[in-house]
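*Asks:* Below is the structure I would like to discuss, written out as structure tokens.
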Amino acid sequence: MDEDEIIQVSLPPYEFPPPWIPPEQRRSHPDYASTLNQFLSRTVRFARSRQTNQFGFHIKGGKEHELGLYVSRVMQDSNAYRVGLRVADKILVVNGYNFETLDHDEAVSVLKEARDVEMQVKYFPYGYDKLCRMSELQQKRLDYQEYEEYVKKNSTNKINSTLRDSSSTHS
């Protein structure tokens, strides 16, 4: 390697530090909490709402994504909300079914069949963020594939139209 050779390096985006918090307030502030309890698995139990027949949460992911299944949305004032389920909770077990081995459709089936659920979950925002980034990339890839198909289809139609027009003028 030459001394004059330039090496390109990609750096991750800069993450700003949390705002300054006075030392006496840090013990109870979430940005300064040094407790890992929030990342431990916990069990929640709840039933479908009698009014809506819903549990009050959405899921994202599955075995096909190799990142697990996560809670992607919790409806305000739902039973799921009341028991403390939150976005980025990784779903480990539901009513005895190991959700770490299920794909998305299988997990939805298990949930649809249940009237009451007992869920073992753990808050894991890092895996959830990775899953969301993967979903965005897949969507961009799909959008690009659709765009390519559209261009290919329309350029073929324009060529065929041009060929038809030129053959009709020469007849």
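Here, A, B, ... name the chains of the structure tokens in the order displayed, residue numbers run from 1 inside each chain, and ligands are numbered from 1 in the same displayed order.
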Enumerate the residues of range 16-165 of chain A with a DSSP assignment of alpha helix (DSSP H), computed from the backbone, and present them as a ChimeraX atom specification.
*Replies:* /A:23-26,79-82,104-113,125-165
*Asks:* Let me see the file: selected residues, C-alpha atoms, as a short mmCIF file (atom, residue, chain, number, x, y, z; two decimals), in the first residue's frame.
*Replies:*
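Dumped everything to out-v6.cif:
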data_model
loop_
_atom_site.label_atom_id
_atom_site.label_comp_id
_atom_site.auth_asym_id
_atom_site.auth_seq_id
_atom_site.Cartn_x
_atom_site.Cartn_y
_atom_site.Cartn_z
CA PRO A 23 -26.47 15.13 38.88
CA GLU A 24 -29.22 15.17 41.53
CA GLN A 25 -31.85 14.36 38.84
CA ARG A 26 -29.91 11.62 37.05
CA ASN A 79 -55.74 -4.26 27.41
CA ALA A 80 -52.22 -4.67 25.99
CA TYR A 81 -51.47 -1.05 26.94
CA ARG A 82 -52.84 -1.52 30.46
CA HIS A 104 -45.26 -14.10 10.91
CA ASP A 105 -48.31 -15.95 9.54
CA GLU A 106 -48.00 -18.75 12.11
CA ALA A 107 -47.77 -16.21 14.93
CA VAL A 108 -50.87 -14.37 13.68
CA SER A 109 -52.76 -17.70 13.60
CA VAL A 110 -51.81 -18.47 17.20
CA LEU A 111 -52.98 -15.03 18.31
CA LYS A 112 -56.23 -15.19 16.31
CA GLU A 113 -57.18 -18.51 17.93
CA PRO A 125 -35.18 -1.99 20.89
CA TYR A 126 -31.92 -2.82 19.08
CA GLY A 127 -33.38 -5.87 17.33
CA TYR A 128 -36.60 -3.99 16.60
CA ASP A 129 -34.70 -1.08 15.01
CA LYS A 130 -32.75 -3.53 12.87
CA LEU A 131 -35.99 -5.20 11.77
CA CYS A 132 -37.49 -1.81 10.86
CA ARG A 133 -34.40 -0.85 8.84
CA MET A 134 -34.56 -4.19 7.03
CA SER A 135 -38.25 -3.62 6.26
CA GLU A 136 -37.47 -0.17 4.84
CA LEU A 137 -34.70 -1.60 2.65
CA GLN A 138 -36.97 -4.40 1.43
CA GLN A 139 -39.68 -1.87 0.62
CA LYS A 140 -37.20 0.30 -1.29
CA ARG A 141 -36.04 -2.81 -3.15
CA LEU A 142 -39.65 -3.68 -4.01
CA ASP A 143 -40.34 -0.09 -5.07
CA TYR A 144 -37.27 -0.20 -7.33
CA GLN A 145 -38.30 -3.56 -8.81
CA GLU A 146 -41.78 -2.19 -9.53
CA TYR A 147 -40.18 0.87 -11.11
CA GLU A 148 -37.94 -1.29 -13.30
CA GLU A 149 -40.93 -3.38 -14.40
CA TYR A 150 -42.90 -0.22 -15.16
CA VAL A 151 -40.07 1.24 -17.25
CA LYS A 152 -39.52 -2.06 -19.04
CA LYS A 153 -43.23 -2.45 -19.79
CA ASN A 154 -43.67 1.13 -20.97
CA SER A 155 -40.52 1.16 -23.07
CA THR A 156 -41.67 -2.09 -24.75
CA ASN A 157 -45.11 -0.55 -25.38
CA LYS A 158 -43.50 2.59 -26.85
CA ILE A 159 -41.25 0.51 -29.11
CA ASN A 160 -44.21 -1.59 -30.30
CA SER A 161 -46.27 1.56 -30.84
CA THR A 162 -43.44 3.18 -32.81
CA LEU A 163 -43.01 0.04 -34.92
CA ARG A 164 -46.77 -0.09 -35.65
CA ASP A 165 -46.80 3.62 -36.57
#
*Asks:* Determine, counting only C-alpha atoms, which protein, DNA and RNA residues have an atom within 6 Å of an atom of range 52-63 of chain A; residues of the same chain fewer than 5 positions away are not included. Present the result as a list in words.
*Replies:*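 Listing them by chain and then by number gives Gly68, Leu69, Tyr70, Val71, Ser72, Arg73, Val74, Met75, Ser78, Ala80, Thr101, Leu102, Asp103 and His104 of chain A.
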*Asks:* Nearest to Ile91 in chain A: which of A:Arg48, A:His65, A:Arg115, A:Arg42 is it, counting only C-alpha atoms?
*Replies:*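 For Ile91 in chain A, the nearest of the given residues is A:Arg42.
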